[in-house]
file model_36.pdb (PDB, C-alpha atoms)
ATOM      1  CA  MET A   1     -99.220 -72.518 253.854  1.00  0.00           C
ATOM      2  CA  VAL A   2     -97.742 -70.374 251.091  1.00  0.00           C
ATOM      3  CA  LYS A   3     -99.587 -67.245 250.069  1.00  0.00           C
ATOM      4  CA  ILE A   4     -99.923 -66.888 246.299  1.00  0.00           C
ATOM      5  CA  THR A   5    -100.600 -63.455 244.863  1.00  0.00           C
ATOM      6  CA  PHE A   6    -101.485 -62.812 241.245  1.00  0.00           C
ATOM      7  CA  ALA A   7    -100.123 -59.466 240.052  1.00  0.00           C
ATOM      8  CA  PRO A   8    -101.052 -59.018 236.388  1.00  0.00           C
ATOM      9  CA  ILE A   9     -99.152 -56.690 234.133  1.00  0.00           C
ATOM     10  CA  LYS A  10    -100.591 -53.182 234.301  1.00  0.00           C
ATOM     11  CA  GLU A  11     -98.701 -51.640 231.403  1.00  0.00           C
ATOM     12  CA  LEU A  12     -96.611 -52.719 228.442  1.00  0.00           C
ATOM     13  CA  ILE A  13     -94.326 -50.140 226.886  1.00  0.00           C
ATOM     14  CA  ILE A  14     -93.356 -50.969 223.297  1.00  0.00           C
ATOM     15  CA  HIS A  15     -90.424 -48.847 222.228  1.00  0.00           C
ATOM     16  CA  GLU A  16     -90.665 -49.707 218.515  1.00  0.00           C
ATOM     17  CA  ALA A  17     -93.155 -51.671 216.397  1.00  0.00           C
ATOM     18  CA  VAL A  18     -92.321 -52.544 212.798  1.00  0.00           C
ATOM     19  CA  LYS A  19     -94.575 -54.254 210.294  1.00  0.00           C
ATOM     20  CA  VAL A  20     -92.455 -56.634 208.203  1.00  0.00           C
ATOM     21  CA  SER A  21     -93.133 -59.061 205.393  1.00  0.00           C
ATOM     22  CA  TYR A  22     -94.157 -62.641 206.142  1.00  0.00           C
ATOM     23  CA  ASP A  23     -90.860 -64.020 204.806  1.00  0.00           C
ATOM     24  CA  ASP A  24     -88.793 -61.497 206.761  1.00  0.00           C
ATOM     25  CA  ILE A  25     -90.449 -62.351 210.072  1.00  0.00           C
ATOM     26  CA  LEU A  26     -89.649 -66.011 209.418  1.00  0.00           C
ATOM     27  CA  ARG A  27     -86.046 -65.232 208.441  1.00  0.00           C
ATOM     28  CA  GLU A  28     -85.414 -63.224 211.596  1.00  0.00           C
ATOM     29  CA  ARG A  29     -86.092 -66.333 213.705  1.00  0.00           C
ATOM     30  CA  VAL A  30     -83.222 -68.304 212.126  1.00  0.00           C
ATOM     31  CA  THR A  31     -80.130 -68.537 214.340  1.00  0.00           C
ATOM     32  CA  PRO A  32     -76.875 -70.470 213.918  1.00  0.00           C
ATOM     33  CA  SER A  33     -78.171 -73.086 216.361  1.00  0.00           C
ATOM     34  CA  GLY A  34     -81.675 -73.465 214.906  1.00  0.00           C
ATOM     35  CA  THR A  35     -84.867 -71.472 214.890  1.00  0.00           C
ATOM     36  CA  VAL A  36     -86.694 -69.462 217.543  1.00  0.00           C
ATOM     37  CA  PRO A  37     -90.506 -69.643 217.730  1.00  0.00           C
ATOM     38  CA  LEU A  38     -92.892 -66.865 216.796  1.00  0.00           C
ATOM     39  CA  TYR A  39     -96.075 -65.881 218.603  1.00  0.00           C
ATOM     40  CA  TRP A  40     -99.611 -65.766 217.175  1.00  0.00           C
ATOM     41  CA  SER A  41    -102.730 -64.121 218.569  1.00  0.00           C
ATOM     42  CA  GLU A  42    -105.828 -62.447 217.109  1.00  0.00           C
ATOM     43  CA  GLY A  43    -104.682 -62.925 213.495  1.00  0.00           C
ATOM     44  CA  MET A  44    -101.244 -61.414 214.066  1.00  0.00           C
ATOM     45  CA  LEU A  45     -97.876 -63.161 213.854  1.00  0.00           C
ATOM     46  CA  PHE A  46     -95.221 -61.407 215.928  1.00  0.00           C
ATOM     47  CA  SER A  47     -91.945 -61.505 217.790  1.00  0.00           C
ATOM     48  CA  PHE A  48     -90.525 -59.206 220.421  1.00  0.00           C
ATOM     49  CA  SER A  49     -87.270 -58.462 222.141  1.00  0.00           C
ATOM     50  CA  SER A  50     -87.112 -57.506 225.782  1.00  0.00           C
ATOM     51  CA  VAL A  51     -85.067 -54.748 227.332  1.00  0.00           C
ATOM     52  CA  PRO A  52     -81.980 -55.859 229.310  1.00  0.00           C
ATOM     53  CA  MET A  53     -82.754 -56.282 233.013  1.00  0.00           C
ATOM     54  CA  THR A  54     -81.228 -53.233 234.652  1.00  0.00           C
ATOM     55  CA  ARG A  55     -82.084 -52.167 238.184  1.00  0.00           C
ATOM     56  CA  ASP A  56     -84.666 -49.659 236.838  1.00  0.00           C
ATOM     57  CA  ILE A  57     -86.277 -52.215 234.522  1.00  0.00           C
ATOM     58  CA  VAL A  58     -86.594 -54.745 237.346  1.00  0.00           C
ATOM     59  CA  LYS A  59     -88.215 -52.038 239.477  1.00  0.00           C
ATOM     60  CA  ASP A  60     -90.721 -51.373 236.666  1.00  0.00           C
ATOM     61  CA  TYR A  61     -91.445 -55.108 236.350  1.00  0.00           C
ATOM     62  CA  LEU A  62     -92.149 -55.395 240.056  1.00  0.00           C
ATOM     63  CA  GLN A  63     -94.575 -52.472 239.769  1.00  0.00           C
ATOM     64  CA  GLY A  64     -96.407 -54.079 236.830  1.00  0.00           C
ATOM     65  CA  THR A  65     -94.806 -52.293 233.860  1.00  0.00           C
ATOM     66  CA  ILE A  66     -92.861 -54.270 231.290  1.00  0.00           C
ATOM     67  CA  HIS A  67     -90.827 -53.050 228.343  1.00  0.00           C
ATOM     68  CA  TRP A  68     -90.396 -54.574 224.904  1.00  0.00           C
ATOM     69  CA  MET A  69     -87.599 -52.957 222.930  1.00  0.00           C
ATOM     70  CA  GLU A  70     -88.951 -53.949 219.532  1.00  0.00           C
ATOM     71  CA  VAL A  71     -91.914 -55.815 218.076  1.00  0.00           C
ATOM     72  CA  HIS A  72     -91.934 -57.182 214.521  1.00  0.00           C
ATOM     73  CA  TYR A  73     -95.295 -58.266 213.183  1.00  0.00           C
ATOM     74  CA  THR A  74     -97.285 -59.292 210.134  1.00  0.00           C
ATOM     75  CA  ASP A  75    -100.817 -60.474 209.410  1.00  0.00           C
ATOM     76  CA  MET A  76    -101.601 -64.191 209.588  1.00  0.00           C
ATOM     77  CA  LYS A  77    -105.331 -64.776 209.790  1.00  0.00           C
ATOM     78  CA  GLU A  78    -105.291 -68.437 210.799  1.00  0.00           C
ATOM     79  CA  TYR A  79    -103.047 -70.088 213.342  1.00  0.00           C
ATOM     80  CA  LYS A  80    -100.582 -72.698 212.084  1.00  0.00           C
ATOM     81  CA  PRO A  81     -98.269 -74.473 214.546  1.00  0.00           C
ATOM     82  CA  VAL A  82     -95.390 -74.757 212.056  1.00  0.00           C
ATOM     83  CA  LEU A  83     -94.456 -72.472 209.155  1.00  0.00           C
ATOM     84  CA  ASP A  84     -92.135 -73.363 206.281  1.00  0.00           C
ATOM     85  CA  LEU A  85     -89.375 -71.013 205.197  1.00  0.00           C
ATOM     86  CA  LYS A  86     -88.066 -71.909 201.760  1.00  0.00           C
ATOM     87  CA  ASP A  87     -84.828 -70.051 201.211  1.00  0.00           C
ATOM     88  CA  GLN A  88     -81.750 -71.179 199.307  1.00  0.00           C
ATOM     89  CA  ASN A  89     -79.548 -69.151 201.679  1.00  0.00           C
ATOM     90  CA  TYR A  90     -80.426 -71.632 204.424  1.00  0.00           C
ATOM     91  CA  GLY A  91     -79.950 -74.734 202.302  1.00  0.00           C
ATOM     92  CA  GLY A  92     -83.566 -75.426 201.468  1.00  0.00           C
ATOM     93  CA  GLU A  93     -86.547 -75.483 203.803  1.00  0.00           C
ATOM     94  CA  LEU A  94     -86.663 -74.620 207.500  1.00  0.00           C
ATOM     95  CA  LYS A  95     -89.511 -75.149 209.935  1.00  0.00           C
ATOM     96  CA  ILE A  96     -90.444 -72.263 212.253  1.00  0.00           C
ATOM     97  CA  ARG A  97     -92.596 -73.071 215.281  1.00  0.00           C
ATOM     98  CA  VAL A  98     -95.478 -70.778 216.176  1.00  0.00           C
ATOM     99  CA  ILE A  99     -96.910 -70.578 219.677  1.00  0.00           C
ATOM    100  CA  ASP A 100    -100.621 -69.790 219.944  1.00  0.00           C
ATOM    101  CA  THR A 101    -100.734 -67.227 222.736  1.00  0.00           C
ATOM    102  CA  SER A 102    -104.315 -66.134 222.118  1.00  0.00           C
ATOM    103  CA  LYS A 103    -105.239 -67.116 225.685  1.00  0.00           C
ATOM    104  CA  SER A 104    -102.687 -64.655 227.041  1.00  0.00           C
ATOM    105  CA  ALA A 105    -104.436 -61.409 227.953  1.00  0.00           C
ATOM    106  CA  LEU A 106    -101.219 -59.492 227.241  1.00  0.00           C
ATOM    107  CA  HIS A 107    -100.580 -61.024 223.817  1.00  0.00           C
ATOM    108  CA  SER A 108    -104.226 -60.682 222.839  1.00  0.00           C
ATOM    109  CA  GLU A 109    -104.164 -56.956 223.657  1.00  0.00           C
ATOM    110  CA  VAL A 110    -100.839 -56.505 221.844  1.00  0.00           C
ATOM    111  CA  ALA A 111    -102.255 -58.169 218.724  1.00  0.00           C
ATOM    112  CA  LYS A 112    -105.356 -55.944 218.804  1.00  0.00           C
ATOM    113  CA  TRP A 113    -103.134 -52.877 219.176  1.00  0.00           C
ATOM    114  CA  LEU A 114    -100.943 -53.986 216.258  1.00  0.00           C
ATOM    115  CA  LYS A 115    -104.014 -54.364 214.035  1.00  0.00           C
ATOM    116  CA  ILE A 116    -104.992 -50.766 214.754  1.00  0.00           C
ATOM    117  CA  LYS A 117    -101.430 -49.491 214.359  1.00  0.00           C
ATOM    118  CA  LYS A 118    -100.873 -50.924 210.892  1.00  0.00           C
TER     119      LYS A 118
END
call {"tool": "encode", "arguments": {"input": "model_36.pdb", "output": "C-alpha cells"}}
result
Amino acid sequence: MVKITFAPIKELIIHEAVKVSYDDILRERVTPSGTVPLYWSEGMLFSFSSVPMTRDIVKDYLQGTIHWMEVHYTDMKEYKPVLDLKDQNYGGELKIRVIDTSKSALHSEVAKWLKIKK
C-alpha cells in the first residue's frame, strides 16, 4: 500500500502585490496564442507569477514555503466564470476565463490579505 502524506503550505511569500484596474487585469491575460485564466476568491480577482524553480526555491517548496514573484489584483464582488474584454486593439471582444478558487485555503487567505492591503 502507498502511504499518502498531506503537507499543506506553511508560508507564501509575495514579493510584489499591485492593485490594477479591472480592464488592465483582463488585458494582461491576453497572449499571442489566446487568453490565460484569472483566479477569484473572497471578492478579489487576481493573477500571480511564480518564481523560477531554482535549487533554493525547490528546497523552500519541499519545506512548505512557496514564492510568488508578483500578484496583480482588483476587486470583483461576485464570481463570474467568463469576463468580456472589449478592446479594439484585440479586434473586438475577448473572453477571459475565471477560476473560482474560493475553496482553496491558500487562495482564500491571499484574497483576504489583498483586501487588507489595498
call {"tool": "resolve_selection", "arguments": {"input": "model_36.pdb", "expression": "the PyMOL selection byres ((chain A and resi 82) around 7)", "output": "count of residues only"}}
result
8
call {"tool": "atom_distance", "arguments": {"input": "model_36.pdb", "atom1": "atom CA of Lys77 of chain A", "atom2": "atom CA of Met44 of chain A"}}
result
6.8 Å
call {"tool": "closest_residue", "arguments": {"input": "model_36.pdb", "among": "A:Gly91, A:Pro8, A:Gly43, A:Gly34", "to": "Thr74 of chain A", "atoms": "only C-alpha atoms"}}
result
A:Gly43
call {"tool": "resolve_selection", "arguments": {"input": "model_36.pdb", "expression": "the PyMOL selection byres ((chain A and resi 27) around 12)", "output": "PyMOL selection string"}}
result
chain A and resi 20-26+28-32+34-38+47+72+83-90+93-96
call {"tool": "atom_distance", "arguments": {"input": "model_36.pdb", "atom1": "atom CA of Lys115 of chain A", "atom2": "atom CA of Val58 of chain A"}}
result
29.1 Å
call {"tool": "resolve_selection", "arguments": {"input": "model_36.pdb", "expression": "the PyMOL selection byres ((chain A and resi 15) around 6)", "output": "list in words"}}
result
Ile14, Glu16, Met69 and Glu70 of chain A
call {"tool": "decode", "arguments": {"input": "model_36.pdb", "residues": "segment 21-61 of chain A", "atoms": "N, CA and C atoms", "output": "JSON list (two decimals), in the first residue's frame"}}
result
[["chain", "number", "residue", "atom", "x", "y", "z"],
["A", 21, "SER", "N", -6.31, 48.19, -12.50],
["A", 21, "SER", "CA", -7.69, 48.38, -12.90],
["A", 21, "SER", "C", -8.28, 47.07, -13.44],
["A", 22, "TYR", "N", -9.58, 47.00, -13.44],
["A", 22, "TYR", "CA", -10.29, 45.82, -13.94],
["A", 22, "TYR", "C", -9.88, 45.52, -15.39],
["A", 23, "ASP", "N", -9.89, 46.53, -16.24],
["A", 23, "ASP", "CA", -9.52, 46.32, -17.65],
["A", 23, "ASP", "C", -8.07, 45.88, -17.79],
["A", 24, "ASP", "N", -7.18, 46.45, -17.00],
["A", 24, "ASP", "CA", -5.76, 46.07, -17.09],
["A", 24, "ASP", "C", -5.52, 44.62, -16.68],
["A", 25, "ILE", "N", -6.23, 44.16, -15.66],
["A", 25, "ILE", "CA", -6.02, 42.76, -15.25],
["A", 25, "ILE", "C", -6.53, 41.82, -16.33],
["A", 26, "LEU", "N", -7.57, 42.22, -17.04],
["A", 26, "LEU", "CA", -8.04, 41.40, -18.17],
["A", 26, "LEU", "C", -7.04, 41.43, -19.31],
["A", 27, "ARG", "N", -6.54, 42.62, -19.63],
["A", 27, "ARG", "CA", -5.57, 42.75, -20.74],
["A", 27, "ARG", "C", -4.29, 41.95, -20.51],
["A", 28, "GLU", "N", -3.86, 41.87, -19.28],
["A", 28, "GLU", "CA", -2.59, 41.17, -19.01],
["A", 28, "GLU", "C", -2.71, 39.68, -19.28],
["A", 29, "ARG", "N", -3.91, 39.14, -19.38],
["A", 29, "ARG", "CA", -4.11, 37.71, -19.59],
["A", 29, "ARG", "C", -4.20, 37.35, -21.07],
["A", 30, "VAL", "N", -4.04, 38.33, -21.95],
["A", 30, "VAL", "CA", -4.09, 38.09, -23.39],
["A", 30, "VAL", "C", -2.68, 37.76, -23.87],
["A", 31, "THR", "N", -2.55, 36.62, -24.55],
["A", 31, "THR", "CA", -1.27, 36.19, -25.11],
["A", 31, "THR", "C", -1.44, 35.99, -26.61],
["A", 32, "PRO", "N", -0.36, 35.87, -27.35],
["A", 32, "PRO", "CA", -0.49, 35.63, -28.79],
["A", 32, "PRO", "C", -1.27, 34.35, -29.12],
["A", 33, "SER", "N", -1.26, 33.38, -28.23],
["A", 33, "SER", "CA", -1.96, 32.13, -28.52],
["A", 33, "SER", "C", -3.33, 32.02, -27.84],
["A", 34, "GLY", "N", -3.81, 33.09, -27.24],
["A", 34, "GLY", "CA", -5.13, 33.05, -26.59],
["A", 34, "GLY", "C", -5.11, 33.81, -25.29],
["A", 35, "THR", "N", -5.93, 33.35, -24.37],
["A", 35, "THR", "CA", -6.01, 34.02, -23.07],
["A", 35, "THR", "C", -5.67, 33.03, -21.96],
["A", 36, "VAL", "N", -5.22, 33.57, -20.84],
["A", 36, "VAL", "CA", -4.86, 32.78, -19.66],
["A", 36, "VAL", "C", -5.89, 33.11, -18.58],
["A", 37, "PRO", "N", -6.39, 32.11, -17.86],
["A", 37, "PRO", "CA", -7.42, 32.40, -16.85],
["A", 37, "PRO", "C", -6.93, 33.23, -15.68],
["A", 38, "LEU", "N", -7.89, 33.86, -15.03],
["A", 38, "LEU", "CA", -7.66, 34.59, -13.78],
["A", 38, "LEU", "C", -8.22, 33.76, -12.64],
["A", 39, "TYR", "N", -7.91, 34.16, -11.43],
["A", 39, "TYR", "CA", -8.41, 33.48, -10.24],
["A", 39, "TYR", "C", -9.33, 34.43, -9.47],
["A", 40, "TRP", "N", -10.35, 33.86, -8.82],
["A", 40, "TRP", "CA", -11.27, 34.64, -8.00],
["A", 40, "TRP", "C", -11.48, 33.94, -6.67],
["A", 41, "SER", "N", -11.43, 34.73, -5.60],
["A", 41, "SER", "CA", -11.74, 34.23, -4.26],
["A", 41, "SER", "C", -12.06, 35.43, -3.37],
["A", 42, "GLU", "N", -13.05, 35.26, -2.49],
["A", 42, "GLU", "CA", -13.35, 36.26, -1.46],
["A", 42, "GLU", "C", -13.54, 37.68, -2.02],
["A", 43, "GLY", "N", -14.13, 37.78, -3.21],
["A", 43, "GLY", "CA", -14.39, 39.11, -3.79],
["A", 43, "GLY", "C", -13.19, 39.77, -4.45],
["A", 44, "MET", "N", -12.13, 38.99, -4.66],
["A", 44, "MET", "CA", -10.93, 39.53, -5.31],
["A", 44, "MET", "C", -10.63, 38.74, -6.58],
["A", 45, "LEU", "N", -10.31, 39.47, -7.64],
["A", 45, "LEU", "CA", -9.88, 38.89, -8.90],
["A", 45, "LEU", "C", -8.37, 39.08, -8.96],
["A", 46, "PHE", "N", -7.61, 37.99, -9.23],
["A", 46, "PHE", "CA", -6.16, 38.15, -9.19],
["A", 46, "PHE", "C", -5.45, 37.17, -10.12],
["A", 47, "SER", "N", -4.19, 37.50, -10.35],
["A", 47, "SER", "CA", -3.28, 36.62, -11.08],
["A", 47, "SER", "C", -1.95, 36.65, -10.34],
["A", 48, "PHE", "N", -1.13, 35.66, -10.59],
["A", 48, "PHE", "CA", 0.18, 35.66, -9.95],
["A", 48, "PHE", "C", 1.19, 35.01, -10.88],
["A", 49, "SER", "N", 2.44, 35.36, -10.66],
["A", 49, "SER", "CA", 3.52, 34.70, -11.39],
["A", 49, "SER", "C", 4.45, 34.07, -10.36],
["A", 50, "SER", "N", 4.85, 32.87, -10.65],
["A", 50, "SER", "CA", 5.73, 32.13, -9.75],
["A", 50, "SER", "C", 7.18, 32.47, -10.02],
["A", 51, "VAL", "N", 8.01, 32.15, -9.06],
["A", 51, "VAL", "CA", 9.45, 32.34, -9.18],
["A", 51, "VAL", "C", 10.02, 31.13, -9.93],
["A", 52, "PRO", "N", 11.01, 31.32, -10.80],
["A", 52, "PRO", "CA", 11.62, 30.17, -11.47],
["A", 52, "PRO", "C", 12.14, 29.15, -10.45],
["A", 53, "MET", "N", 12.03, 27.88, -10.81],
["A", 53, "MET", "CA", 12.38, 26.79, -9.90],
["A", 53, "MET", "C", 13.89, 26.54, -9.86],
["A", 54, "THR", "N", 14.54, 27.29, -9.00],
["A", 54, "THR", "CA", 15.98, 27.07, -8.75],
["A", 54, "THR", "C", 16.10, 26.02, -7.66],
["A", 55, "ARG", "N", 17.29, 25.60, -7.39],
["A", 55, "ARG", "CA", 17.54, 24.61, -6.33],
["A", 55, "ARG", "C", 17.03, 25.14, -4.97],
["A", 56, "ASP", "N", 17.28, 26.42, -4.68],
["A", 56, "ASP", "CA", 16.83, 27.00, -3.40],
["A", 56, "ASP", "C", 15.31, 27.09, -3.32],
["A", 57, "ILE", "N", 14.67, 27.44, -4.42],
["A", 57, "ILE", "CA", 13.21, 27.56, -4.43],
["A", 57, "ILE", "C", 12.57, 26.18, -4.24],
["A", 58, "VAL", "N", 13.11, 25.17, -4.89],
["A", 58, "VAL", "CA", 12.60, 23.81, -4.71],
["A", 58, "VAL", "C", 12.76, 23.38, -3.25],
["A", 59, "LYS", "N", 13.87, 23.72, -2.66],
["A", 59, "LYS", "CA", 14.09, 23.39, -1.24],
["A", 59, "LYS", "C", 13.02, 24.05, -0.37],
["A", 60, "ASP", "N", 12.74, 25.35, -0.64],
["A", 60, "ASP", "CA", 11.68, 26.05, 0.09],
["A", 60, "ASP", "C", 10.34, 25.33, -0.09],
["A", 61, "TYR", "N", 10.01, 24.99, -1.34],
["A", 61, "TYR", "CA", 8.74, 24.31, -1.62],
["A", 61, "TYR", "C", 8.62, 23.03, -0.80]]
